[in-house]
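Colleague: Got a structure for you, questions after.
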Amino acid sequence: MSDDDAEILAVARAGFLDEAQEMLRQFEQGLLVLESDPADSESLNSAFRAAHTIKGTAGMFGCDAVVSFTHEAETLLEALRANQRQLDDDVMGALLESRDQIEMLLGEVRSGESDPQVAASSAALAGRLRALLGKPALAELPPATQAAIETKAETAADHGWHLSLRFLADALRNGLDPLSFIRYLRTLGKVTAIRTQTAAVPALDALDAEACYLGFEIRFESAASHAEIEQVFEFAADDSDIVILPPGSPPAAFEDLATQRCGSDAEARTALFDCWRAMGIQFEVRLEPLRTPEASKADEAPPVIPHIERRAPAAEGEVKRGGDRRSGVGERREGGRDRRAGDETRFVRVRADKLDKLIDLIGELVIAGSGAQMIAHQEGAEVLLEATQRVMDLVQETRDGTLALRMVPIGETFARFQRVVRDVSKQLGKEVELIVTGGDTELDKSMVDAIADPLMHLVRNSMDHGLETCEERLATGKSPSGRLALNAFHEAGAVVIEVSDDGRGLARERILRKAVERELVAEGQILSDHEVWQLIFQPGFSTAEQITDLSGRGVGMDVVKRSIESLRGTISLSSQVGQGTLTQIRLPLTLAMIDGFLTMVGGVNYVLPLAAVAECIDVPGECSSQDEARVSGTFNLRGEVLPWLDLARFYGVKPDLSRRRSVVVVRDGPTRVGLIVDRLMGEHQTVIKPLSSIFQHLKALAGSTILGSGEVALLLDVSGLFAAAIEGGQRARLIARPGSQTTHQSAHLTSSVQGKSSA
């Protein structure tokens, strides 16, 4: 195999594995819907189609282990479709385990390594699937009987099926390998004879090395149905001409097939008849002169054409009833387009690294465009200003379009938890109803992937710690089935993800008692609910009395928090005893580029996310103070009391009092705070660059960006800024003497922000 061929095969195999993962999701989703509604035939058909697609595509790539195991699951699904087997817990459990087993087998295909344990578990589960249909496992059968089942030939008719295949010229160009279909056909029965048809191969000087000129005549013994044999060639329907004749087809059917393949070409007919005889097909041939107007006018004798004797004349249309014909180039390709219309015509697979590279280049284009626009302003030329503004408008549209390529619905991640909720609820002996809303909310693909594990931990925690057993819920007047909800929505330029339950809620006193035991808080120290809930995120903190497979080891919530914060996000908890717990995760829309609002504080450029900026006002009188120690306080904004924070003093730099300062009112969820800055610089397209590792401990900074002038600006993390200010205020309260002026001043922001958050 050449390097080019190997590369093409590797790309095709990677595409198969990606598609198989999508089919596994469809398979699982169909089964879960079917479990809640056994009468939903569409979900059953969806699961069957997914299994069949995996099996068929795996057969094309010679993945025999995947094919043989998936065939068992597919057979059980077919029995359900035919009402030969009723759906029950045993069947559903075995089918869901089959999904996991197929995934492990696909993992072996991806890695190229075989695991004996995987093979053993496949054999055991395949035996369970067969037992559910009342069939013994293959390993338990006598050798002769086992061979009979594997070939499926003994129950076939005496003469077997006849398949006539002609692959079109573009078959190889479109990635089809004729041999793979024939190899897969053998999984349904026994190929007793095969003849390759090479009449269409041209002379060497006219040969196109990328074109396919081959055809095949195949004799096939199998107990499979017409539909099952037809499905073997489903993926080649647009690039082939296939006729399937059932066992016992009359000579008339072969005569019509010869007419379709050879027309009135006497030489081609003779060659095809010789081929069929060599394959064991018995028929008689008669010679008939070709009757045409030209032949009747000519003096010479008309050409003689061989025909198969029709011993039992077939009624009109019999060939169509006897076999499935996919012939006629125009008709076939139109049908292919109709069948494949939809997702395959609207989506193109792109490697993630190529997309990341494109976004990096767009980011550099934004920075370069900002530099060009700055130079245009310095020059003051009206024509240049207009041209650069037009370029920047196009750059912004390009940026938005490029970022949209990375935005995917979070619903796909939510859908994974249906299986988790089902399995964990059965393990815990609880009844749990999963409610998913906001699945169409879009988020950056990288964050969707990164958020899956934290969400998994939160869902398991809610089911293990939060939701009660049926008996406990009935005793408290609740419904026996617990409610677990996943929700997502956009808010103020961020994505909010909520995990909630209607369980027992968080035990405040137990959390405090555990915190005192671990010396996280002092005995008798008074904490707000918000501060108590934050203790849960301490490393190793757990109130579970027993260690289980799901929880109790104190490992998890601190990791969840770190994972969320690494995405520039925040996580918060709220709970009411007896009513449940709500965990809220707030994430930025993207990690690449945002619309920012540029400010200056103490000679340093700071960028705020534009979506978080509510308004800008002059500094009110309540915020003006010559006391350099005063960092925060409150002010009245049109009848609403808001906290303020002086960024210059917060960062320990001297504010620029030579010019008028401003207050930028920013919001983070329900919380609004006024940030005092020295200068307002206006909107700025911000390309987010990561900070060096030495700055990673600074919670109030989310990254940096490069301005058009080449200067570096720091990107403020609004949530982190609030948290750092609150932490500083709490530290000041602990250090300062009770009742002192310092304590009173540093408590302003803490009490105001926490009060609004709890509200």
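Please note that chains go A, B, ... in the order of the structure tokens, that every chain numbers its residues from 1, and that ligands are numbered from 1 in the order shown.
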Need the shell around range 109-126 of chain A: protein/DNA/RNA residues with any atom at most 8 Å away, counting only C-alpha atoms. Skip same-chain ones fewer than 3 positions apart. Format as JSON, numbers by chain?

Modeller: {"A": [14, 17, 63, 69, 72, 73, 94, 98, 101, 104, 105, 106, 129, 130, 137]}

Colleague: If you count only C-alpha atoms, which residues fall within 9 Å of Thr570 in chain A, apart from same-chain ones fewer than 4 positions away, as number ranges by chain?

Modeller: A: 561, 564-565, 584-587, 719-720

Colleague: Restricting the calculation to only C-alpha atoms: of A:Glu442, A:Glu217, A:Glu28, A:Glu97, which residue gets closest to Cys275 in chain A?

Modeller: A:Glu217

Colleague: What is the CA of Phe216 in chain A-CA of Val304 in chain A distance in Å, reported with one decimal?

Modeller: 26.3 Å

Colleague: What separation in Å, quoted to one decimal, exists between CA of Thr469 in chain A and CA of Gly578 in chain A?

Modeller: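 Atom-to-atom, CA of Thr469 in chain A and CA of Gly578 in chain A are spaced 13.3 Å apart.
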